[in-house]
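Listing of target-v2.tsv; format and content: TSV, C-alpha atoms.
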```
chain	number	residue	atom	x	y	z
B	177	MET	CA	51.79	137.02	-37.17
B	178	LEU	CA	50.23	135.23	-40.11
B	179	SER	CA	46.48	134.83	-39.95
B	180	THR	CA	44.91	131.41	-39.74
B	181	VAL	CA	41.97	130.98	-42.11
B	182	PHE	CA	39.56	128.08	-42.18
B	183	GLN	CA	35.90	127.41	-42.85
B	184	LEU	CA	33.87	126.44	-39.83
B	185	VAL	CA	31.73	123.34	-39.95
B	186	LEU	CA	28.10	124.11	-40.70
B	187	LEU	CA	25.92	123.99	-37.62
B	188	ALA	CA	22.51	122.54	-38.43
B	189	ALA	CA	19.67	124.18	-36.57
B	190	SER	CA	18.24	120.86	-35.45
B	191	ASN	CA	21.52	119.91	-33.76
B	192	ALA	CA	22.12	123.20	-31.97
B	193	ALA	CA	22.45	123.03	-28.21
B	194	ALA	CA	19.93	125.00	-26.21
B	195	SER	CA	20.85	128.60	-25.45
B	196	PRO	CA	21.47	129.70	-21.85
B	197	ALA	CA	18.54	130.78	-19.70
B	198	PHE	CA	16.96	133.98	-21.01
B	199	LEU	CA	16.51	137.20	-19.11
B	200	GLY	CA	12.89	137.30	-20.23
B	201	SER	CA	11.01	139.82	-18.12
B	202	SER	CA	14.26	140.86	-16.42
B	203	LYS	CA	15.54	142.33	-19.68
B	204	ALA	CA	13.86	145.66	-18.96
B	205	PRO	CA	15.93	146.58	-15.87
B	206	ALA	CA	19.06	145.35	-17.66
B	207	CYS	CA	18.53	147.71	-20.60
B	208	HIS	CA	18.65	151.49	-20.73
B	209	GLU	CA	17.48	153.81	-23.51
B	210	LEU	CA	20.01	156.51	-24.38
B	211	THR	CA	20.12	159.56	-26.63
B	212	LEU	CA	23.78	160.15	-27.39
B	213	GLN	CA	25.20	163.44	-28.65
B	214	ILE	CA	28.07	162.46	-30.94
B	215	PRO	CA	30.38	165.17	-32.33
B	216	VAL	CA	31.73	164.28	-35.76
B	217	THR	CA	34.38	165.70	-38.02
B	218	ALA	CA	34.48	163.96	-41.40
B	219	THR	CA	35.02	164.57	-45.09
B	220	ASN	CA	32.00	163.69	-47.21
B	221	LEU	CA	31.60	163.82	-50.98
B	222	ARG	CA	29.37	165.85	-53.26
B	223	PHE	CA	27.66	163.52	-55.75
B	224	ASN	CA	26.45	164.46	-59.20
B	225	LEU	CA	23.20	162.50	-59.25
B	226	PRO	CA	19.50	163.51	-59.38
B	227	THR	CA	17.55	164.35	-56.26
B	228	VAL	CA	14.78	161.99	-55.11
B	229	ASP	CA	11.44	163.65	-54.36
B	230	SER	CA	9.04	161.08	-55.82
B	231	ASN	CA	8.81	157.45	-56.83
B	232	LEU	CA	9.58	158.43	-60.40
B	233	ASP	CA	12.72	160.18	-59.19
B	234	ALA	CA	13.79	157.09	-57.22
B	235	VAL	CA	13.69	154.88	-60.31
B	236	ARG	CA	15.58	157.46	-62.35
B	237	TRP	CA	18.14	157.83	-59.55
B	238	GLY	CA	18.73	154.06	-59.51
B	239	ILE	CA	19.25	153.97	-63.27
B	240	GLU	CA	21.74	156.85	-63.15
B	241	ASP	CA	23.61	155.18	-60.31
B	242	SER	CA	23.95	152.04	-62.46
B	243	ARG	CA	24.89	153.76	-65.71
B	244	ARG	CA	28.08	152.16	-67.02
B	245	THR	CA	29.57	155.43	-68.19
B	246	ASN	CA	28.77	157.32	-65.00
B	247	VAL	CA	32.36	157.35	-63.74
B	248	ASN	CA	32.62	160.97	-62.58
B	249	ARG	CA	29.96	160.94	-59.90
B	250	THR	CA	31.71	163.21	-57.40
B	251	THR	CA	32.34	166.93	-57.79
B	252	GLY	CA	34.25	167.72	-54.60
B	253	ASP	CA	34.56	167.29	-50.83
B	254	ILE	CA	32.24	168.47	-48.06
B	255	LEU	CA	33.66	169.07	-44.59
B	256	ILE	CA	31.28	167.92	-41.88
B	257	ASN	CA	31.71	169.31	-38.36
B	258	GLN	CA	28.47	168.64	-36.49
B	259	THR	CA	27.04	166.93	-33.44
B	260	PHE	CA	24.43	164.25	-34.13
B	261	SER	CA	21.70	162.77	-31.94
B	262	ILE	CA	21.93	158.97	-31.90
B	263	ALA	CA	19.32	156.73	-30.26
B	264	ALA	CA	20.72	153.65	-28.57
B	265	GLN	CA	19.97	150.96	-26.03
B	266	LEU	CA	22.66	149.81	-23.60
B	267	CYS	CA	22.07	146.44	-21.96
B	268	VAL	CA	24.26	145.12	-19.15
B	269	PRO	CA	23.10	141.76	-17.70
B	270	PRO	CA	23.23	142.06	-13.88
B	271	HIS	CA	24.78	138.63	-13.43
B	272	GLY	CA	26.32	138.08	-16.86
B	273	GLN	CA	29.64	136.28	-16.67
B	274	LYS	CA	30.89	138.30	-19.65
B	275	LYS	CA	29.23	141.64	-18.92
B	276	SER	CA	32.61	143.40	-18.98
B	277	GLN	CA	32.69	142.54	-22.70
B	278	ILE	CA	30.39	144.66	-24.86
B	279	GLN	CA	29.08	143.89	-28.32
B	280	ILE	CA	28.39	147.00	-30.41
B	281	LEU	CA	25.77	146.17	-33.05
B	282	THR	CA	25.58	148.11	-36.32
B	283	HIS	CA	22.57	147.30	-38.49
B	284	GLY	CA	22.46	147.51	-42.28
B	285	GLN	CA	20.43	149.43	-44.84
B	286	PHE	CA	16.63	149.21	-45.21
B	287	ALA	CA	16.48	148.27	-41.50
B	288	ASN	CA	16.56	149.87	-38.07
B	289	ARG	CA	18.10	148.56	-34.84
B	290	LYS	CA	15.11	146.27	-34.28
B	291	TYR	CA	16.84	143.99	-36.79
B	292	TRP	CA	19.03	142.90	-33.87
B	293	ASP	CA	16.19	142.72	-31.35
B	294	VAL	CA	13.20	140.99	-32.96
B	295	GLN	CA	10.41	140.82	-30.40
B	296	LEU	CA	8.45	138.08	-32.12
B	297	GLN	CA	9.60	134.92	-30.29
B	298	PRO	CA	12.65	136.82	-29.00
B	299	GLU	CA	14.24	133.72	-27.51
B	300	GLU	CA	14.66	132.46	-31.08
B	301	TYR	CA	15.10	135.63	-33.13
B	302	SER	CA	16.48	138.41	-30.92
B	303	TYR	CA	20.26	138.66	-31.17
B	304	VAL	CA	20.20	141.06	-28.21
B	305	GLU	CA	18.30	138.59	-26.01
B	306	ASN	CA	20.63	135.75	-26.97
B	307	ALA	CA	23.75	137.84	-26.35
B	308	LEU	CA	22.47	138.88	-22.92
B	309	ALA	CA	21.62	135.29	-22.09
B	310	ALA	CA	25.16	134.33	-23.04
B	311	GLY	CA	26.42	136.94	-20.57
B	312	TYR	CA	27.56	139.77	-22.87
B	313	SER	CA	26.71	143.44	-22.58
B	314	VAL	CA	25.20	144.97	-25.73
B	315	LEU	CA	24.98	148.42	-27.32
B	316	ASN	CA	22.33	148.46	-30.05
B	317	TYR	CA	21.87	151.76	-31.87
B	318	ASP	CA	19.96	153.33	-34.74
B	319	ARG	CA	22.45	154.53	-37.31
B	320	LEU	CA	22.36	158.17	-38.34
B	321	SER	CA	19.24	158.87	-40.48
B	322	VAL	CA	17.45	155.77	-39.17
B	323	GLY	CA	14.71	155.17	-36.61
B	324	ALA	CA	14.86	157.42	-33.54
B	325	SER	CA	18.25	158.87	-34.49
B	326	GLU	CA	18.59	162.20	-36.25
B	327	HIS	CA	17.47	162.45	-39.91
B	328	PRO	CA	19.88	164.93	-41.53
B	329	ASP	CA	20.29	165.96	-45.16
B	330	ALA	CA	20.23	162.79	-47.26
B	331	TYR	CA	22.72	163.97	-49.85
B	332	THR	CA	25.54	165.87	-48.17
B	333	VAL	CA	25.45	164.78	-44.52
B	334	ALA	CA	24.17	161.20	-44.08
B	335	GLN	CA	27.13	159.46	-45.67
B	336	THR	CA	29.37	156.54	-44.77
B	337	ALA	CA	32.36	158.60	-43.62
B	338	VAL	CA	30.13	160.14	-40.93
B	339	GLU	CA	28.81	156.69	-39.95
B	340	VAL	CA	32.38	155.44	-39.42
B	341	GLU	CA	33.17	158.39	-37.17
B	342	ILE	CA	30.03	157.79	-35.10
B	343	LEU	CA	31.00	154.15	-34.65
B	344	ARG	CA	34.53	155.23	-33.68
B	345	SER	CA	33.03	157.44	-30.96
B	346	LEU	CA	30.85	154.61	-29.64
B	347	ASN	CA	33.89	152.33	-29.40
B	348	THR	CA	35.89	155.03	-27.63
B	349	MET	CA	33.05	155.64	-25.17
B	350	ALA	CA	32.91	151.91	-24.41
B	351	HIS	CA	36.65	151.74	-23.80
B	352	ASN	CA	37.02	154.83	-21.61
B	353	GLY	CA	34.02	154.24	-19.36
B	354	HIS	CA	31.96	157.19	-20.60
B	355	LEU	CA	29.21	154.94	-21.94
B	356	LEU	CA	28.62	153.39	-18.50
B	357	SER	CA	28.72	156.80	-16.84
B	358	LEU	CA	25.59	157.86	-18.77
B	359	VAL	CA	23.41	155.40	-16.85
B	360	PRO	CA	22.89	156.28	-13.14
B	361	ASP	CA	22.36	152.63	-12.21
B	362	LEU	CA	25.73	151.74	-13.72
B	363	VAL	CA	27.85	154.60	-12.35
B	364	GLY	CA	30.80	153.08	-10.54
B	365	SER	CA	30.87	150.01	-12.75
B	366	THR	CA	34.21	149.13	-14.21
B	367	LYS	CA	34.73	150.09	-17.84
B	368	PHE	CA	34.34	147.47	-20.52
B	369	ASP	CA	37.43	145.28	-20.81
B	370	LYS	CA	36.79	144.12	-24.37
B	371	VAL	CA	34.87	145.70	-27.24
B	372	ILE	CA	33.43	143.44	-29.94
B	373	ASN	CA	31.91	144.93	-33.09
B	374	VAL	CA	29.15	143.06	-34.94
B	375	GLY	CA	27.89	144.43	-38.25
B	376	HIS	CA	25.26	143.42	-40.76
B	377	SER	CA	25.45	144.27	-44.48
B	378	TYR	CA	26.00	148.05	-44.75
B	379	GLY	CA	26.71	147.93	-41.01
B	380	SER	CA	29.56	145.55	-41.84
B	381	ILE	CA	30.83	148.06	-44.41
B	382	VAL	CA	30.82	150.74	-41.72
B	383	THR	CA	32.56	148.33	-39.35
B	384	SER	CA	35.16	147.44	-41.98
B	385	GLY	CA	35.81	151.17	-42.34
B	386	LEU	CA	36.33	151.32	-38.58
B	387	LEU	CA	38.77	148.39	-38.75
B	388	ALA	CA	40.72	150.01	-41.59
B	389	GLN	CA	40.93	153.45	-39.99
B	390	TYR	CA	40.78	152.76	-36.23
B	391	GLY	CA	41.50	149.05	-35.95
B	392	ASP	CA	43.21	149.37	-32.57
B	393	LEU	CA	39.83	150.24	-30.98
B	394	VAL	CA	38.31	146.83	-31.78
B	395	ASP	CA	39.16	143.64	-29.88
B	396	ALA	CA	37.11	141.28	-32.10
B	397	ALA	CA	34.74	141.59	-35.06
B	398	ILE	CA	31.91	139.60	-36.61
B	399	LEU	CA	30.90	140.80	-40.08
B	400	THR	CA	27.61	139.36	-41.36
B	401	GLY	CA	25.99	139.72	-44.78
B	402	PHE	CA	29.29	140.93	-46.20
B	403	LEU	CA	32.46	139.59	-47.82
B	404	PRO	CA	35.82	141.28	-48.52
B	405	PRO	CA	36.44	142.61	-52.05
B	406	ALA	CA	37.09	140.30	-54.99
B	407	GLU	CA	34.67	137.69	-53.67
B	408	ALA	CA	31.69	136.13	-55.43
B	409	ALA	CA	29.84	138.73	-57.48
B	410	ALA	CA	27.31	140.75	-55.57
B	411	LEU	CA	24.23	142.37	-57.06
B	412	PRO	CA	24.98	145.47	-59.15
B	413	ALA	CA	24.69	148.40	-56.77
B	414	GLY	CA	21.86	150.22	-58.53
B	415	ALA	CA	19.88	147.12	-59.44
B	416	VAL	CA	18.32	146.85	-55.99
B	417	LEU	CA	17.17	150.47	-56.14
B	418	ILE	CA	15.83	150.25	-59.70
B	419	ALA	CA	13.65	147.27	-58.82
B	420	ASN	CA	12.81	148.01	-55.20
B	421	GLY	CA	13.61	151.59	-54.22
B	422	ARG	CA	10.93	154.28	-53.94
B	423	PHE	CA	10.61	157.68	-52.26
B	424	ALA	CA	9.99	156.90	-48.58
B	425	PRO	CA	7.14	159.39	-47.92
B	426	GLU	CA	5.17	157.96	-50.86
B	427	VAL	CA	5.77	154.34	-49.78
B	428	ASP	CA	4.37	154.86	-46.28
B	429	PRO	CA	3.03	158.35	-45.46
B	430	VAL	CA	2.21	157.30	-41.90
B	431	ARG	CA	5.66	156.07	-40.92
B	432	TRP	CA	7.85	158.13	-43.22
B	433	GLY	CA	5.70	161.02	-44.42
B	434	ASP	CA	7.92	163.63	-42.73
B	435	TYR	CA	11.19	162.27	-44.16
B	436	PRO	CA	12.93	164.83	-46.39
B	437	SER	CA	14.24	164.62	-49.95
B	438	GLY	CA	16.60	161.77	-50.75
B	439	TYR	CA	15.24	159.15	-48.34
B	440	ILE	CA	14.52	155.89	-50.19
B	441	ALA	CA	12.57	152.86	-48.92
B	442	ASN	CA	11.73	149.41	-50.23
B	443	ALA	CA	8.66	149.66	-52.44
B	444	ASP	CA	6.65	147.07	-50.52
B	445	ILE	CA	6.87	143.95	-48.38
B	446	TYR	CA	7.90	141.80	-51.35
B	447	ALA	CA	10.81	144.10	-52.14
B	448	LEU	CA	11.94	143.58	-48.55
B	449	GLN	CA	11.54	139.82	-49.01
B	450	THR	CA	13.75	139.93	-52.09
B	451	ILE	CA	16.62	141.49	-50.19
B	452	PHE	CA	16.37	139.87	-46.76
B	453	PHE	CA	14.61	136.51	-46.96
B	454	SER	CA	15.17	133.04	-48.41
B	455	ARG	CA	12.92	129.99	-48.47
B	456	ARG	CA	13.60	127.33	-51.08
B	457	ASN	CA	10.18	125.75	-50.51
B	458	ASP	CA	7.39	125.80	-47.93
B	459	SER	CA	8.86	122.84	-46.01
B	460	ASP	CA	12.33	124.36	-45.79
B	461	PRO	CA	13.21	123.99	-42.07
B	462	ALA	CA	15.69	126.85	-42.28
B	463	GLY	CA	13.47	129.22	-44.24
B	464	PHE	CA	11.24	131.86	-42.71
B	465	ASP	CA	7.75	132.09	-41.30
B	466	ASN	CA	5.34	134.49	-42.99
B	467	ASP	CA	4.68	136.31	-39.73
B	468	LEU	CA	8.40	137.18	-39.56
B	469	LEU	CA	8.19	138.77	-42.99
B	470	GLU	CA	5.18	140.81	-41.88
B	471	TYR	CA	6.93	141.75	-38.64
B	472	ALA	CA	10.03	142.85	-40.54
B	473	TRP	CA	8.00	145.05	-42.86
B	474	ASN	CA	6.01	146.65	-40.05
B	475	GLU	CA	8.74	146.97	-37.40
B	476	VAL	CA	12.23	146.59	-38.92
B	477	ALA	CA	12.01	148.18	-42.38
B	478	ALA	CA	13.50	151.66	-42.66
B	479	PRO	CA	14.56	154.08	-45.41
B	480	ILE	CA	18.13	154.68	-46.53
B	481	THR	CA	19.67	157.91	-47.82
B	482	SER	CA	21.03	158.68	-51.25
B	483	GLY	CA	24.29	159.75	-49.65
B	484	GLU	CA	24.96	156.60	-47.68
B	485	TRP	CA	24.19	154.41	-50.69
B	486	LEU	CA	26.53	156.31	-53.00
B	487	SER	CA	29.34	156.77	-50.47
B	488	LYS	CA	29.64	153.21	-49.20
B	489	SER	CA	32.16	152.30	-51.91
B	490	GLU	CA	34.10	155.54	-51.48
B	491	ILE	CA	35.44	155.18	-47.92
B	492	LYS	CA	38.61	153.37	-46.92
B	493	GLN	CA	37.57	149.82	-45.95
B	494	PHE	CA	40.79	147.93	-46.65
B	495	PRO	CA	43.47	147.07	-45.64
B	496	ALA	CA	43.25	147.03	-41.84
B	497	PRO	CA	46.81	146.66	-40.53
B	498	ALA	CA	46.05	148.06	-37.06
B	499	PHE	CA	43.42	145.43	-36.32
B	500	THR	CA	45.05	142.53	-34.45
B	501	GLY	CA	42.03	140.71	-33.04
B	502	PRO	CA	40.05	137.77	-34.46
B	503	ILE	CA	37.45	138.32	-37.19
B	504	LEU	CA	34.57	136.09	-38.32
B	505	PHE	CA	32.75	136.44	-41.64
B	506	PHE	CA	29.24	135.09	-41.06
B	507	GLU	CA	26.99	134.56	-44.08
B	508	GLY	CA	23.52	133.20	-44.72
B	509	GLU	CA	23.78	130.29	-47.14
B	510	HIS	CA	21.38	131.93	-49.60
B	511	ASP	CA	22.38	135.58	-49.14
B	512	LEU	CA	21.33	137.25	-52.39
B	513	GLY	CA	23.19	140.52	-51.90
B	514	ALA	CA	26.51	139.16	-50.62
B	515	CYS	CA	27.01	136.19	-52.94
B	516	LEU	CA	24.09	135.86	-55.35
B	517	ALA	CA	22.16	133.39	-53.18
B	518	ASP	CA	24.94	130.79	-52.72
B	519	CYS	CA	27.63	131.58	-50.17
B	520	ASN	CA	29.09	128.06	-50.09
B	521	GLY	CA	32.64	128.37	-51.34
B	522	ALA	CA	32.33	132.14	-51.81
B	523	PHE	CA	34.97	133.07	-49.25
B	524	ASN	CA	38.42	133.98	-50.57
B	525	ALA	CA	40.76	133.12	-47.69
B	526	THR	CA	43.83	134.44	-49.48
B	527	ARG	CA	42.25	137.84	-50.07
B	528	ALA	CA	41.00	138.03	-46.48
B	529	ALA	CA	44.50	137.30	-45.17
B	530	GLU	CA	45.86	140.14	-47.32
B	531	VAL	CA	43.26	142.60	-46.07
B	532	TYR	CA	43.53	141.62	-42.39
B	533	SER	CA	47.24	140.83	-42.41
B	534	ASN	CA	47.71	141.24	-38.65
B	535	ALA	CA	44.47	139.63	-37.47
B	536	LYS	CA	44.85	136.97	-34.81
B	537	MET	CA	42.37	134.70	-36.59
B	538	ILE	CA	40.18	134.92	-39.71
B	539	ASP	CA	37.25	132.52	-39.88
B	540	TYR	CA	34.23	131.94	-42.11
B	541	TYR	CA	30.85	130.49	-41.20
B	542	VAL	CA	27.82	129.74	-43.39
B	543	GLN	CA	24.42	129.58	-41.69
B	544	PRO	CA	22.41	126.79	-43.37
B	545	GLY	CA	19.32	127.89	-45.27
B	546	ALA	CA	19.38	131.52	-44.17
B	547	GLY	CA	19.12	134.52	-46.47
B	548	HIS	CA	20.56	138.01	-46.02
B	549	GLY	CA	18.43	138.77	-42.95
B	550	LEU	CA	20.06	136.28	-40.59
B	551	THR	CA	17.99	137.35	-37.58
B	552	LEU	CA	14.72	136.71	-39.41
B	553	HIS	CA	15.10	133.03	-40.32
B	554	ARG	CA	13.94	129.99	-38.37
B	555	ASN	CA	17.41	128.87	-37.35
B	556	ALA	CA	18.50	132.26	-36.04
B	557	SER	CA	19.39	131.16	-32.50
B	558	ALA	CA	21.56	128.32	-33.85
B	559	GLY	CA	23.55	130.92	-35.74
B	560	TYR	CA	23.88	133.09	-32.64
B	561	LYS	CA	25.23	130.12	-30.70
B	562	ALA	CA	27.76	129.45	-33.46
B	563	GLY	CA	28.94	133.04	-33.21
B	564	PHE	CA	29.16	133.00	-29.42
B	565	ASP	CA	30.99	129.66	-29.48
B	566	TRP	CA	33.47	131.21	-31.90
B	567	LEU	CA	33.96	134.18	-29.59
B	568	SER	CA	34.54	131.82	-26.67
B	569	SER	CA	37.11	129.90	-28.69
B	570	GLN	CA	38.98	133.19	-29.17
B	571	GLY	CA	38.93	134.06	-25.48
B	572	PHE	CA	35.83	136.27	-25.42
```
Rewrite the coordinates I just gave you, this time as structure tokens.
Amino acid sequence: MLSTVFQLVLLAASNAAASPAFLGSSKAPACHELTLQIPVTATNLRFNLPTVDSNLDAVRWGIEDSRRTNVNRTTGDILINQTFSIAAQLCVPPHGQKKSQIQILTHGQFANRKYWDVQLQPEEYSYVENALAAGYSVLNYDRLSVGASEHPDAYTVAQTAVEVEILRSLNTMAHNGHLLSLVPDLVGSTKFDKVINVGHSYGSIVTSGLLAQYGDLVDAAILTGFLPPAEAAALPAGAVLIANGRFAPEVDPVRWGDYPSGYIANADIYALQTIFFSRRNDSDPAGFDNDLLEYAWNEVAAPITSGEWLSKSEIKQFPAPAFTGPILFFEGEHDLGACLADCNGAFNATRAAEVYSNAKMIDYYVQPGAGHGLTLHRNASAGYKAGFDWLSSQGF
């Protein structure tokens, strides 16, 4: 079946309908902290780039990554056969009308899973809270090497191929009922009928890898902060690291002092602002509040690994012939990384239809005024409603 591609009408924050009633204090009994043991078999790559053990190394690493003539970066394969500890939170709203449908959330780089669950004015900024209020179940997890999940070798282990396999396992666990069986309060519940994957930035790259390699596991997908190949030019890969990347233990010895070699963090709060935030002027109604920037730096910011950065362009992301569900590309209007701060008109419908040739529907939505960090801008809940309305229109 040919895909239908169209651009959704922009939803202004001031015109957004109110979200459903929030769980508020009842969120706690609806959510369960999990430590998942995920076995992974994957083929990683050995990269020929410097190690990062200081801020000086991080700058040099970024320059080498960007070098025009650096075309032979890999020197061979690495077989990974390990079990990884992944921290996650499973939320099932007790009375949610759509609780048999689960959204699996995969965050991007330089962030942890709190990106999806901002606890500063959560009714406005928390995607998790909004999804629960709309009736969906949610699995929000720290990717490998991030937050409370395991922090393995940054060069040979923490790479994108491994991330894709972890996400495959999470989808399989959602489908076969194993995920629900891990929570005593939920034992006996029916398995999830539909599995929706929502990614942000690098998390969308991981999700696109899942769609390309295991597309039959996914019933619907929302990819944010990300466009298919051959779209509007994105920032040169190493440029972000040259300007903003530093050795994580030197950036914040309290939070990241025990992180090993190869873990790279944003240099400071303003480096984080550059990547995630947009505000055209102080009166911009769809910009961001300063306390959200401070919150993001103190609670959401997280290091990345050398391996995941280098390997993200090396995995199979396209095409995705086995994926037959609907897919929505959801961009902040001023996303610097995805489309150089202007995502209006950046979507290539023809290319998307080639990549997702069997998708039921391919849609595109631009969130007015938002930057790359969609959950951290003033009109966040309006964007969530747009996404949930789209899911409803597709039968979810």
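For segment 351-367 of chain B, the set of protein, DNA and RNA residues having any atom at most 9 Å away, when counting all atoms listed in the file and skipping those fewer than 3 positions along the same chain, is B:His208, B:Leu210, B:Leu266, B:Val268, B:Ser276, B:Leu346, B:Asn347, B:Thr348, B:Lys370, B:Val371, B:Leu393.
As for atom CA of Ala309 of chain B and atom CA of Ser454 of chain B, they are spaced 27.2 Å apart.
Note that atom CA of Pro461 of chain B and atom CA of Gly545 of chain B are 7.9 Å apart.
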task = For Gly421 of chain B, list every protein, DNA or RNA residue within 6 Å, evaluated using only C-alpha atoms, and leave out those in the same chain fewer than 5 positions away; present the list as a PyMOL selection string.
result = chain B and resi 440-443
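The protein and nucleic acid residues lying at most 10 Å from Leu448 of chain B are Phe286, Ala287, Asn420, Gly421, Ala441, Asn442, Ala443, Phe453, Leu469, Glu470, Ala472, Trp473, Ala477 and Gly549 of chain B, with only C-alpha atoms considered and sequence neighbours fewer than 5 positions away removed.
With all atoms listed in the file as the basis for measurement, B:Ile278 is the residue among B:Ile278, B:Val338, B:Ile538, B:Ile381 that approaches Ala310 of chain B most closely.
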request  = Rounded to one decimal place, report the atom CA of Ser345 of chain B-atom CA of Ile262 of chain B distance in Å.
outcome  =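 Interatomic distance here is 11.2 Å.
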inquiry  = When you count only C-alpha atoms, which of these residues is closest to Gln493 of chain B: B:Glu507, B:Tyr540, B:Asp460, B:Tyr378?
reply    = B:Tyr378
ask   = Can you tell me, as number ranges by chain, what residues are no more than 12 Å from segment 237-254 of chain B when counting all atoms listed in the file, ignoring any on the same chain fewer than 4 positions away?
value = B: 217-233, 331-335, 337-338, 411-423, 438-440, 481-483, 485-487, 489-490
key: Nearest residue to Phe499 of chain B from the set B:Ser321, B:Ser384, B:Asn257, B:Gln570 (distances using all atoms listed in the file)   = B:Ser384
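Using only C-alpha atoms, the shortest contact distance between Asp467 of chain B and any of B:Ser380, B:Leu320, B:Gly571, B:Ile445 is found at B:Ile445.
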